[in-house]
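Enquirer: Next up, protein-v1.txt (compact mmCIF, C-alpha atoms and all ligand atoms).
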```
# COMPACT_ATOMS: atom_id res chain seq x y z
CA MET G 1 0.00 0.00 0.00
CA LEU G 2 1.19 3.48 -0.89
CA GLU G 3 -0.44 6.40 0.90
CA ILE G 4 0.05 10.10 0.25
CA GLN G 5 -1.62 12.42 2.75
CA GLY G 6 -1.76 16.20 2.52
CA LEU G 7 1.35 16.47 0.37
CA SER G 8 2.42 20.01 -0.46
CA LYS G 9 5.55 21.31 -2.14
CA THR G 10 6.43 24.91 -2.91
CA TYR G 11 9.32 26.15 -5.05
CA GLY G 12 9.79 29.82 -4.04
CA ASN G 13 6.32 31.31 -4.56
CA ASN G 14 5.22 28.53 -6.93
CA VAL G 15 2.94 25.95 -5.29
CA ALA G 16 3.82 22.87 -7.35
CA VAL G 17 1.72 20.42 -5.30
CA ASP G 18 -1.10 21.66 -3.09
CA ASN G 19 -2.35 19.41 -0.29
CA VAL G 20 -2.64 16.27 -2.42
CA SER G 21 -3.89 12.97 -0.96
CA PHE G 22 -4.30 9.63 -2.68
CA SER G 23 -3.44 6.00 -2.16
CA VAL G 24 -2.78 2.87 -4.18
CA PRO G 25 -4.05 -0.27 -2.39
CA ASP G 26 -2.03 -3.47 -2.04
CA GLY G 27 -1.55 -5.36 -5.27
CA GLN G 28 -2.97 -2.63 -7.49
CA VAL G 29 -1.48 -0.63 -10.34
CA GLY G 30 -2.00 3.13 -9.96
CA ILE G 31 -1.43 5.52 -12.86
CA LEU G 32 -0.51 9.16 -12.26
CA LEU G 33 -1.43 11.40 -15.19
CA GLY G 34 -1.42 15.11 -15.87
CA PRO G 35 -0.35 17.73 -18.40
CA ASN G 36 3.16 19.22 -18.34
CA GLY G 37 3.81 21.13 -15.15
CA ALA G 38 0.88 19.53 -13.26
CA GLY G 39 3.14 18.39 -10.41
CA LYS G 40 3.62 14.69 -11.17
CA SER G 41 7.42 14.72 -10.99
CA THR G 42 7.26 16.64 -7.75
CA ILE G 43 5.05 13.93 -6.25
CA ILE G 44 7.25 11.14 -7.63
CA LYS G 45 10.41 12.76 -6.25
CA SER G 46 8.73 13.27 -2.90
CA ILE G 47 7.72 9.60 -2.68
CA ALA G 48 11.26 8.61 -3.71
CA GLY G 49 12.67 10.74 -0.89
CA LEU G 50 14.48 13.17 -3.20
CA LEU G 51 12.66 16.32 -2.05
CA ARG G 52 11.61 17.96 1.18
CA TYR G 53 7.84 18.28 1.42
CA LYS G 54 4.94 18.91 3.78
CA GLY G 55 2.59 16.06 4.49
CA ALA G 56 2.90 12.33 5.04
CA ILE G 57 3.91 9.52 2.72
CA ARG G 58 3.57 5.93 3.90
CA ILE G 59 4.85 2.74 2.31
CA GLN G 60 3.27 -0.44 3.67
CA GLY G 61 2.04 1.70 6.55
CA LEU G 62 5.56 2.92 7.40
CA PRO G 63 6.84 6.50 7.07
CA ALA G 64 8.51 6.65 3.63
CA ARG G 65 11.72 8.04 5.12
CA SER G 66 12.18 5.11 7.51
CA MET G 67 14.73 2.40 6.75
CA ASP G 68 12.06 -0.28 6.99
CA ALA G 69 10.02 1.47 4.30
CA LYS G 70 13.06 1.98 2.07
CA LYS G 71 13.88 -1.73 2.24
CA VAL G 72 10.59 -2.65 0.57
CA PHE G 73 10.46 0.20 -1.92
CA ALA G 74 11.99 0.51 -5.39
CA TYR G 75 12.12 3.47 -7.76
CA VAL G 76 12.81 3.58 -11.48
CA PRO G 77 13.62 7.22 -12.32
CA GLU G 78 12.76 8.83 -15.64
CA ILE G 79 16.47 9.17 -16.40
CA PRO G 80 18.56 6.17 -15.34
CA ASN G 81 21.52 6.75 -13.03
CA MET G 82 24.42 4.48 -13.96
CA PHE G 83 27.77 3.92 -12.32
CA ASP G 84 30.29 4.32 -15.16
CA ALA G 85 32.74 1.80 -13.70
CA LEU G 86 30.29 -0.96 -12.73
CA THR G 87 29.17 -3.67 -15.12
CA VAL G 88 25.51 -4.48 -15.65
CA ARG G 89 25.82 -7.50 -13.36
CA GLU G 90 27.65 -5.44 -10.73
CA HIS G 91 24.84 -2.87 -10.70
CA ILE G 92 22.44 -5.63 -9.72
CA GLU G 93 24.90 -7.12 -7.20
CA TYR G 94 25.27 -3.69 -5.63
CA ILE G 95 21.51 -3.40 -5.16
CA ARG G 96 21.31 -6.96 -3.87
CA MET G 97 23.84 -6.17 -1.16
CA ALA G 98 22.53 -2.69 -0.32
CA TYR G 99 19.02 -4.04 0.23
CA SER G 100 20.07 -7.42 1.65
CA SER G 101 17.74 -8.78 -1.01
CA ASP G 102 17.15 -12.53 -1.03
CA ILE G 103 17.01 -12.59 -4.84
CA THR G 104 18.88 -15.66 -6.11
CA ASP G 105 21.49 -15.85 -8.89
CA GLU G 106 18.96 -17.76 -10.97
CA GLU G 107 16.37 -15.02 -10.50
CA VAL G 108 18.91 -12.38 -11.53
CA ASP G 109 19.73 -14.47 -14.63
CA GLU G 110 16.02 -14.68 -15.39
CA ILE G 111 15.45 -10.92 -15.09
CA LEU G 112 18.43 -10.22 -17.37
CA ARG G 113 17.20 -12.81 -19.86
CA GLU G 114 13.72 -11.27 -19.88
CA PHE G 115 15.20 -7.95 -20.98
CA GLU G 116 17.63 -9.57 -23.44
CA MET G 117 20.55 -8.30 -21.35
CA GLU G 118 22.15 -11.66 -20.59
CA ASP G 119 24.93 -11.12 -23.12
CA LYS G 120 25.46 -7.52 -21.92
CA GLN G 121 26.24 -8.45 -18.30
CA GLU G 122 29.91 -7.52 -18.52
CA LYS G 123 29.33 -4.18 -20.22
CA LEU G 124 30.18 -1.11 -18.15
CA GLY G 125 27.59 1.50 -17.25
CA ASN G 126 29.13 4.00 -19.66
CA GLU G 127 29.07 1.49 -22.52
CA LEU G 128 25.29 1.16 -22.57
CA SER G 129 22.71 2.72 -24.86
CA LYS G 130 19.93 4.77 -23.26
CA GLY G 131 17.44 1.92 -23.65
CA MET G 132 19.91 -0.55 -22.10
CA MET G 133 20.41 1.82 -19.15
CA GLN G 134 16.66 1.93 -18.69
CA LYS G 135 16.54 -1.87 -18.72
CA VAL G 136 19.31 -2.09 -16.10
CA SER G 137 17.47 0.46 -13.99
CA ILE G 138 14.32 -1.69 -14.12
CA CYS G 139 16.35 -4.86 -13.37
CA CYS G 140 17.88 -3.15 -10.32
CA ALA G 141 14.44 -2.14 -9.05
CA LEU G 142 13.18 -5.72 -9.47
CA ALA G 143 16.26 -7.04 -7.65
CA VAL G 144 15.04 -5.21 -4.53
CA LYS G 145 12.02 -7.56 -4.54
CA PRO G 146 9.92 -4.55 -3.54
CA ARG G 147 6.45 -4.49 -2.03
CA VAL G 148 5.91 -1.02 -3.54
CA ILE G 149 7.46 0.10 -6.83
CA LEU G 150 7.39 3.52 -8.43
CA LEU G 151 8.05 3.88 -12.16
CA ASP G 152 8.50 7.32 -13.75
CA GLU G 153 7.90 7.23 -17.54
CA PRO G 154 9.29 3.68 -17.62
CA MET G 155 8.50 2.99 -21.28
CA VAL G 156 10.43 5.94 -22.70
CA GLY G 157 13.46 4.72 -24.64
CA LEU G 158 12.50 1.04 -24.51
CA ASP G 159 12.16 -1.02 -27.70
CA PRO G 160 8.82 -2.75 -28.41
CA ALA G 161 10.02 -6.12 -27.03
CA ALA G 162 11.13 -4.50 -23.77
CA ILE G 163 7.84 -2.56 -23.47
CA LYS G 164 5.92 -5.82 -23.91
CA LYS G 165 8.09 -7.51 -21.29
CA LEU G 166 7.73 -4.61 -18.86
CA LYS G 167 3.94 -4.79 -19.15
CA GLU G 168 4.06 -8.52 -18.37
CA ILE G 169 6.31 -7.83 -15.39
CA VAL G 170 3.97 -5.14 -14.03
CA LEU G 171 1.03 -7.56 -14.24
CA ASP G 172 3.14 -10.27 -12.61
CA LEU G 173 4.10 -7.90 -9.77
CA ARG G 174 0.43 -7.07 -9.29
CA ASN G 175 -0.43 -10.77 -9.13
CA LYS G 176 2.18 -11.14 -6.39
CA GLY G 177 0.49 -8.38 -4.39
CA VAL G 178 3.08 -5.68 -5.15
CA THR G 179 1.76 -2.11 -5.24
CA VAL G 180 2.76 -0.24 -8.41
CA LEU G 181 2.58 3.48 -9.23
CA ILE G 182 3.40 4.57 -12.78
CA SER G 183 3.67 8.19 -13.88
CA THR G 184 3.35 8.59 -17.64
CA HIS G 185 2.12 10.59 -20.60
CA MET G 186 1.87 7.46 -22.73
CA LEU G 187 -1.76 6.60 -22.00
CA GLU G 188 -2.04 3.82 -24.57
CA MET G 189 0.95 2.01 -23.03
CA VAL G 190 -0.74 1.60 -19.64
CA GLU G 191 -4.28 0.98 -20.87
CA GLU G 192 -4.23 -2.73 -20.02
CA LEU G 193 -2.32 -2.30 -16.76
CA TRP G 194 -4.21 0.09 -14.54
CA ASP G 195 -6.53 -0.51 -11.59
CA ILE G 196 -6.80 3.07 -10.37
CA MET G 197 -5.87 6.35 -12.07
CA PHE G 198 -5.27 9.85 -10.76
CA VAL G 199 -5.24 12.98 -12.89
CA MET G 200 -3.32 16.01 -11.72
CA GLU G 201 -3.63 19.56 -12.90
CA LYS G 202 -2.01 22.69 -11.47
CA GLY G 203 -0.87 20.93 -8.33
CA HIS G 204 -4.18 19.23 -7.52
CA ILE G 205 -5.76 15.87 -8.17
CA VAL G 206 -8.68 16.86 -10.41
CA GLY G 207 -10.10 13.38 -10.76
CA SER G 208 -9.66 9.71 -10.09
CA TYR G 209 -11.24 6.53 -11.39
CA THR G 210 -11.00 2.88 -10.55
CA LYS G 211 -11.09 0.53 -13.52
CA LYS G 212 -14.53 -0.64 -12.37
CA ASP G 213 -15.94 2.90 -12.15
CA ALA G 214 -14.56 3.70 -15.61
CA GLU G 215 -17.03 1.19 -17.10
CA GLY G 216 -14.85 0.40 -20.07
CA ARG G 217 -13.92 3.97 -20.99
CA ASP G 218 -10.36 4.49 -22.23
CA LEU G 219 -7.77 6.33 -20.18
CA ASP G 220 -7.52 9.10 -22.76
CA GLU G 221 -11.29 9.66 -22.71
CA LEU G 222 -11.25 9.93 -18.91
CA PHE G 223 -8.13 12.09 -18.99
CA PHE G 224 -9.46 14.63 -21.49
CA ALA G 225 -12.84 14.77 -19.76
CA MET G 226 -11.09 15.74 -16.52
CA THR G 227 -8.57 18.18 -17.95
CA GLY G 228 -11.03 19.83 -20.33
CA GLY G 229 -8.77 19.15 -23.30
CA GLU G 230 -9.68 17.84 -26.72
CA LYS G 231 -9.39 14.20 -27.57
CA GLU G 232 -7.15 14.00 -30.66
N1 LIG G 301 13.36 22.55 -9.24
C1 LIG G 301 12.32 23.36 -9.45
N2 LIG G 301 12.42 24.67 -9.15
C2 LIG G 301 11.37 25.51 -9.34
N3 LIG G 301 10.18 25.13 -9.84
C3 LIG G 301 10.02 23.84 -10.14
C4 LIG G 301 11.09 22.89 -9.98
N4 LIG G 301 10.63 21.68 -10.39
C5 LIG G 301 9.35 21.87 -10.79
N5 LIG G 301 8.99 23.15 -10.64
C6 LIG G 301 7.65 23.72 -10.95
O1 LIG G 301 6.68 22.94 -10.25
C7 LIG G 301 5.52 22.76 -11.06
C8 LIG G 301 5.27 21.26 -11.21
O2 LIG G 301 6.36 20.70 -11.95
P1 LIG G 301 6.54 19.13 -12.14
O3 LIG G 301 7.88 18.92 -12.75
O4 LIG G 301 6.24 18.44 -10.87
O5 LIG G 301 5.39 18.81 -13.20
P2 LIG G 301 5.11 17.50 -14.07
O6 LIG G 301 3.66 17.21 -13.92
O7 LIG G 301 6.05 16.44 -13.69
O8 LIG G 301 5.41 18.01 -15.54
P3 LIG G 301 5.99 17.23 -16.83
O9 LIG G 301 4.86 16.40 -17.34
O10 LIG G 301 6.31 18.36 -17.77
O11 LIG G 301 7.20 16.47 -16.41
C9 LIG G 301 5.79 23.49 -12.38
O12 LIG G 301 5.18 24.76 -12.29
C10 LIG G 301 7.29 23.63 -12.43
O13 LIG G 301 7.66 24.80 -13.12
```
Translate the structure of the given file into structure tokens.

Expert:
Amino acid sequence: MLEIQGLSKTYGNNVAVDNVSFSVPDGQVGILLGPNGAGKSTIIKSIAGLLRYKGAIRIQGLPARSMDAKKVFAYVPEIPNMFDALTVREHIEYIRMAYSSDITDEEVDEILREFEMEDKQEKLGNELSKGMMQKVSICCALAVKPRVILLDEPMVGLDPAAIKKLKEIVLDLRNKGVTVLISTHMLEMVEELWDIMFVMEKGHIVGSYTKKDAEGRDLDELFFAMTGGEKE
């Protein structure tokens, strides 16, 4: 479970996020949507612990800043952060040790195979293409064996095979009871994934739907109805 309560963030005089509350229940996929500048990244960075904010964020009922919460939480940033001098395999080993993850060698092999990175294991961080970096970033997040995972524009830069695989992985995580939050502009990419969606505009949540309440309507239809924009 991921809970955001009364989250506010101000940059100078600019209120980027204004008293926002929402939650993604256990084993559900939440989608965070909104036009440019709505405040999505600010929320994502707050959940990931990269910003100071007002309000409360809880991961599995624990304050997000606590060590116990961090141990069960993984974050895939929009732009991957690589260590130039570590190989692909060493990136995953590093995460395994840092999180004391019980992921096995076989499971690591499997994750790398799923993203067609098995033969890239010995490549250094600075020898990877952008898409490969994104794949490593996702592999590292999975190596945490998180209970809550946050993905910021995870499909950007991925090839079609990797996008397909990532969708399968998200559904698999959901089946295992993992809570997922995805921030994206690519509505069609998350159409078959979501359980609950939140639309932000000008620092507020302007609407939310569960899949059931949406009664078969597409994400883009719901999105444009809430933001007052035109459906293209
Ligand atoms: N570091 C910063 N300093 C000052 N203002 C910022 C900073 N980061 C974001 N903002 C402002 O906060 C508001 C929300 O920005 P944010 O990046 O959270 O939006 P977003 O929904 O992620 O947009 P996008 O879809 O374009 O990534 C905007 O008005 C933006 O100009």

Enquirer: Please give me, as a compact mmCIF listing (two decimals) with C-alpha atoms, in the coordinates of the input, the residues lying within 8 Å of ligand LIG 301 (chain G) when counting only C-alpha atoms and all ligand atoms.

Expert:
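Written output follows (selection_7.txt):
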```txt
# COMPACT_ATOMS: atom_id res chain seq x y z
CA THR G 10 6.43 24.91 -2.91
CA TYR G 11 9.32 26.15 -5.05
CA GLY G 12 9.79 29.82 -4.04
CA ASN G 14 5.22 28.53 -6.93
CA VAL G 15 2.94 25.95 -5.29
CA ALA G 16 3.82 22.87 -7.35
CA VAL G 17 1.72 20.42 -5.30
CA LEU G 33 -1.43 11.40 -15.19
CA GLY G 34 -1.42 15.11 -15.87
CA PRO G 35 -0.35 17.73 -18.40
CA ASN G 36 3.16 19.22 -18.34
CA GLY G 37 3.81 21.13 -15.15
CA ALA G 38 0.88 19.53 -13.26
CA GLY G 39 3.14 18.39 -10.41
CA LYS G 40 3.62 14.69 -11.17
CA SER G 41 7.42 14.72 -10.99
CA THR G 42 7.26 16.64 -7.75
CA ILE G 43 5.05 13.93 -6.25
CA THR G 184 3.35 8.59 -17.64
CA HIS G 185 2.12 10.59 -20.60
CA MET G 200 -3.32 16.01 -11.72
CA GLU G 201 -3.63 19.56 -12.90
CA LYS G 202 -2.01 22.69 -11.47
CA GLY G 203 -0.87 20.93 -8.33
```

Enquirer: Between atom CA of G:Val76 and atom CA of G:Pro154, what is the distance in Å, rounded to a tenth?

Expert: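 Atom CA of G:Pro154 lies at a distance of 7.1 Å from atom CA of G:Val76.
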
Enquirer: Using only C-alpha atoms, which residue out of G:Leu2, G:Met67, G:Ile44, G:Ala143 lies closest to G:Tyr94?

Expert: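 So, comparing all the options, the nearest one is G:Ala143.
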
Enquirer: Report the distance between atom CA of G:Ala162 and atom CA of G:Ile47 in Å, rounded to one decimal place.

Expert: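 These atoms are spaced 25.6 Å apart.
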
Enquirer: Take the point (21.4, 8.2, -21.0) in the file's coordinates, draw a sphere of radius 10 Å around it, and report as a PDB file with C-alpha atoms, in the frame of the given file every protein, DNA or RNA residue with an atom inside or on it, counting only C-alpha atoms.

Expert:
```pdb
ATOM      1  CA  ILE G  79      16.470   9.170 -16.400  1.00  0.00           C
ATOM      2  CA  PRO G  80      18.560   6.170 -15.340  1.00  0.00           C
ATOM      3  CA  ASN G  81      21.520   6.750 -13.030  1.00  0.00           C
ATOM      4  CA  MET G  82      24.420   4.480 -13.960  1.00  0.00           C
ATOM      5  CA  GLY G 125      27.590   1.500 -17.250  1.00  0.00           C
ATOM      6  CA  ASN G 126      29.130   4.000 -19.660  1.00  0.00           C
ATOM      7  CA  LEU G 128      25.290   1.160 -22.570  1.00  0.00           C
ATOM      8  CA  SER G 129      22.710   2.720 -24.860  1.00  0.00           C
ATOM      9  CA  LYS G 130      19.930   4.770 -23.260  1.00  0.00           C
ATOM     10  CA  GLY G 131      17.440   1.920 -23.650  1.00  0.00           C
ATOM     11  CA  MET G 132      19.910  -0.550 -22.100  1.00  0.00           C
ATOM     12  CA  MET G 133      20.410   1.820 -19.150  1.00  0.00           C
ATOM     13  CA  GLN G 134      16.660   1.930 -18.690  1.00  0.00           C
ATOM     14  CA  GLY G 157      13.460   4.720 -24.640  1.00  0.00           C
TER      15      GLY G 157
END
```

Enquirer: Quick one: of G:Leu7, G:Leu32, G:Met117, G:Ala141, who's nearest to G:Lys70, counting only C-alpha atoms?

Expert: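 With only C-alpha atoms as the atom set, the closest residue is G:Ala141.
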
Enquirer: What are the closest atom pairs, with distances in Å to one decimal, for all residues of stretch 19-92 of chain G lying within 10 Å of stretch 98-102 of chain G? Consider all atoms listed in the file, order rows by chain and residue number, and present the result as JSON lines.

Expert:
```
{"residue": "G:Lys70", "atom": "CA", "partner": "G:Tyr99", "partner_atom": "CA", "distance": 8.7}
{"residue": "G:Lys71", "atom": "CA", "partner": "G:Tyr99", "partner_atom": "CA", "distance": 6.0}
{"residue": "G:Val72", "atom": "CA", "partner": "G:Tyr99", "partner_atom": "CA", "distance": 8.6}
{"residue": "G:Phe73", "atom": "CA", "partner": "G:Tyr99", "partner_atom": "CA", "distance": 9.8}
{"residue": "G:Ile92", "atom": "CA", "partner": "G:Ala98", "partner_atom": "CA", "distance": 9.8}
```

Enquirer: Which residue, G:Leu171, G:Ile205, G:Met189, G:Val156, has the smallest gap to G:Ser23 when you use all atoms listed in the file?

Expert: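 Smallest separation from G:Ser23 among the options: G:Ile205.
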
Enquirer: Choose the residue, out of G:Arg65, G:Arg217, G:Arg58, G:Arg147, that has the smallest atom-to-atom separation from G:Ser21; count all atoms listed in the file.

Expert: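 Checking each of G:Arg65, G:Arg217, G:Arg58, G:Arg147 against G:Ser21, counting all atoms listed in the file, the winner is G:Arg58.
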
Enquirer: Could you work out an axis-aligned box for stretch 134-150 of chain G, taking every atom the file lists and adding 8 Å on each side, and report centre and edge lengths in Å to one decimal, as lines of an AutoDock Vina configuration file?

Expert:
```
center_x = 12.6
center_y = -2.0
center_z = -10.4
size_x = 29.4
size_y = 27.1
size_z = 32.7
```

Enquirer: Mind giving me the straight-line distance from atom CA of G:Asp152 to atom CA of G:Asp213 in Å, one decimal?

Expert: 24.9 Å

Enquirer: Within 9 Å of G:Met186, counting only C-alpha atoms, which residues show up once you throw out same-chain ones fewer than 4 positions away? Write them as a list in words, please.

Expert: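 Once the adjacent positions are removed, what remains is Glu153, Met155, Val156 and Val190 of chain G.
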
Enquirer: When you count only C-alpha atoms, which of these residues is closest to G:Asp68: G:Trp194, G:Pro146, G:Val199, G:Val170?

Expert: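 Among the listed residues, the smallest separation from G:Asp68 belongs to G:Pro146.
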
Enquirer: Which residues are near G:Lys120? Cut-off 10 Å, all atoms listed in the file, ignore same chain within fewer than 6 positions. Put them as a PDB file with C-alpha atoms, in the coordinates of the input.

Expert:
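File around_19.pdb, as written:
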```pdb
ATOM      1  CA  THR G  87      29.170  -3.670 -15.120  1.00  0.00           C
ATOM      2  CA  VAL G  88      25.510  -4.480 -15.650  1.00  0.00           C
ATOM      3  CA  ARG G  89      25.820  -7.500 -13.360  1.00  0.00           C
ATOM      4  CA  LEU G 112      18.430 -10.220 -17.370  1.00  0.00           C
ATOM      5  CA  GLU G 127      29.070   1.490 -22.520  1.00  0.00           C
ATOM      6  CA  LEU G 128      25.290   1.160 -22.570  1.00  0.00           C
ATOM      7  CA  MET G 132      19.910  -0.550 -22.100  1.00  0.00           C
TER       8      MET G 132
END
```

Enquirer: Excluding G:Asp172 and its own-chain neighbours fewer than 4 positions away, which residues fall within 12 Å of it when counting all atoms listed in the file? Please give them as number ranges by chain.

Expert: G: 27-29, 142, 165-168, 176-180, 193

Enquirer: Given the selection you just returned, output its residues as a file containing C-alpha atoms, formatted as a tab-separated table (two decimals), keeping the file's coordinate frame.

Expert:
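Contents of the output file result-v9.tsv:
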```tsv
chain	number	residue	atom	x	y	z
G	27	GLY	CA	-1.55	-5.36	-5.27
G	28	GLN	CA	-2.97	-2.63	-7.49
G	29	VAL	CA	-1.48	-0.63	-10.34
G	142	LEU	CA	13.18	-5.72	-9.47
G	165	LYS	CA	8.09	-7.51	-21.29
G	166	LEU	CA	7.73	-4.61	-18.86
G	167	LYS	CA	3.94	-4.79	-19.15
G	168	GLU	CA	4.06	-8.52	-18.37
G	176	LYS	CA	2.18	-11.14	-6.39
G	177	GLY	CA	0.49	-8.38	-4.39
G	178	VAL	CA	3.08	-5.68	-5.15
G	179	THR	CA	1.76	-2.11	-5.24
G	180	VAL	CA	2.76	-0.24	-8.41
G	193	LEU	CA	-2.32	-2.30	-16.76
```

Enquirer: Counting all atoms listed in the file, which of G:Glu116, G:Asp18, G:Asp105, G:Asp26 gets nearest to G:Leu158?

Expert: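 Comparing G:Glu116, G:Asp18, G:Asp105, G:Asp26 against G:Leu158, the winner is G:Glu116.
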
Enquirer: Since the input is missing atoms, can you rebuild N, CA and C atoms for stretch 191-214 of chain G and write them as an mmCIF file, keeping the file's coordinate frame?

Expert:
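Final output, saved to out_1.cif:
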```cif
data_model
loop_
_atom_site.group_PDB
_atom_site.id
_atom_site.type_symbol
_atom_site.label_atom_id
_atom_site.label_comp_id
_atom_site.auth_asym_id
_atom_site.auth_seq_id
_atom_site.Cartn_x
_atom_site.Cartn_y
_atom_site.Cartn_z
ATOM 1 N N GLU G 191 -2.836 1.250 -20.783
ATOM 2 C CA GLU G 191 -4.280 0.980 -20.870
ATOM 3 C C GLU G 191 -4.654 -0.369 -20.244
ATOM 4 N N GLU G 192 -3.851 -1.409 -20.535
ATOM 5 C CA GLU G 192 -4.230 -2.730 -20.020
ATOM 6 C C GLU G 192 -3.640 -3.033 -18.642
ATOM 7 N N LEU G 193 -3.001 -2.041 -18.030
ATOM 8 C CA LEU G 193 -2.320 -2.300 -16.760
ATOM 9 C C LEU G 193 -3.060 -1.761 -15.536
ATOM 10 N N TRP G 194 -3.814 -0.681 -15.717
ATOM 11 C CA TRP G 194 -4.210 0.090 -14.540
ATOM 12 C C TRP G 194 -5.411 -0.457 -13.777
ATOM 13 N N ASP G 195 -5.385 -0.204 -12.460
ATOM 14 C CA ASP G 195 -6.530 -0.510 -11.590
ATOM 15 C C ASP G 195 -7.161 0.775 -11.079
ATOM 16 N N ILE G 196 -6.309 1.793 -10.890
ATOM 17 C CA ILE G 196 -6.800 3.070 -10.370
ATOM 18 C C ILE G 196 -5.962 4.178 -11.010
ATOM 19 N N MET G 197 -6.613 5.261 -11.413
ATOM 20 C CA MET G 197 -5.870 6.350 -12.070
ATOM 21 C C MET G 197 -6.175 7.677 -11.372
ATOM 22 N N PHE G 198 -5.150 8.533 -11.391
ATOM 23 C CA PHE G 198 -5.270 9.850 -10.760
ATOM 24 C C PHE G 198 -4.831 10.877 -11.792
ATOM 25 N N VAL G 199 -5.621 11.932 -11.943
ATOM 26 C CA VAL G 199 -5.240 12.980 -12.890
ATOM 27 C C VAL G 199 -4.935 14.246 -12.121
ATOM 28 N N MET G 200 -3.753 14.778 -12.367
ATOM 29 C CA MET G 200 -3.320 16.010 -11.720
ATOM 30 C C MET G 200 -3.405 17.173 -12.677
ATOM 31 N N GLU G 201 -3.695 18.326 -12.127
ATOM 32 C CA GLU G 201 -3.630 19.560 -12.900
ATOM 33 C C GLU G 201 -3.345 20.695 -11.930
ATOM 34 N N LYS G 202 -2.369 21.509 -12.280
ATOM 35 C CA LYS G 202 -2.010 22.690 -11.470
ATOM 36 C C LYS G 202 -1.867 22.365 -9.992
ATOM 37 N N GLY G 203 -1.193 21.245 -9.720
ATOM 38 C CA GLY G 203 -0.870 20.930 -8.330
ATOM 39 C C GLY G 203 -1.945 20.220 -7.540
ATOM 40 N N HIS G 204 -3.089 19.932 -8.208
ATOM 41 C CA HIS G 204 -4.180 19.230 -7.520
ATOM 42 C C HIS G 204 -4.537 17.950 -8.251
ATOM 43 N N ILE G 205 -5.140 17.022 -7.506
ATOM 44 C CA ILE G 205 -5.760 15.870 -8.170
ATOM 45 C C ILE G 205 -7.155 16.337 -8.608
ATOM 46 N N VAL G 206 -7.389 16.351 -9.921
ATOM 47 C CA VAL G 206 -8.680 16.860 -10.410
ATOM 48 C C VAL G 206 -9.661 15.718 -10.672
ATOM 49 N N GLY G 207 -9.188 14.495 -10.576
ATOM 50 C CA GLY G 207 -10.100 13.380 -10.760
ATOM 51 C C GLY G 207 -9.409 12.054 -10.582
ATOM 52 N N SER G 208 -10.204 11.041 -10.302
ATOM 53 C CA SER G 208 -9.660 9.710 -10.090
ATOM 54 C C SER G 208 -10.737 8.698 -10.474
ATOM 55 N N TYR G 209 -10.319 7.612 -11.055
ATOM 56 C CA TYR G 209 -11.240 6.530 -11.390
ATOM 57 C C TYR G 209 -10.615 5.196 -11.026
ATOM 58 N N THR G 210 -11.444 4.274 -10.585
ATOM 59 C CA THR G 210 -11.000 2.880 -10.550
ATOM 60 C C THR G 210 -11.426 2.277 -11.894
ATOM 61 N N LYS G 211 -10.767 1.185 -12.250
ATOM 62 C CA LYS G 211 -11.090 0.530 -13.520
ATOM 63 C C LYS G 211 -12.591 0.194 -13.578
ATOM 64 N N LYS G 212 -13.121 -0.241 -12.431
ATOM 65 C CA LYS G 212 -14.530 -0.640 -12.370
ATOM 66 C C LYS G 212 -15.429 0.570 -12.638
ATOM 67 N N ASP G 213 -15.120 1.694 -11.975
ATOM 68 C CA ASP G 213 -15.940 2.900 -12.150
ATOM 69 C C ASP G 213 -15.857 3.442 -13.574
ATOM 70 N N ALA G 214 -14.755 3.159 -14.250
ATOM 71 C CA ALA G 214 -14.560 3.700 -15.610
ATOM 72 C C ALA G 214 -15.505 3.038 -16.610
#
```
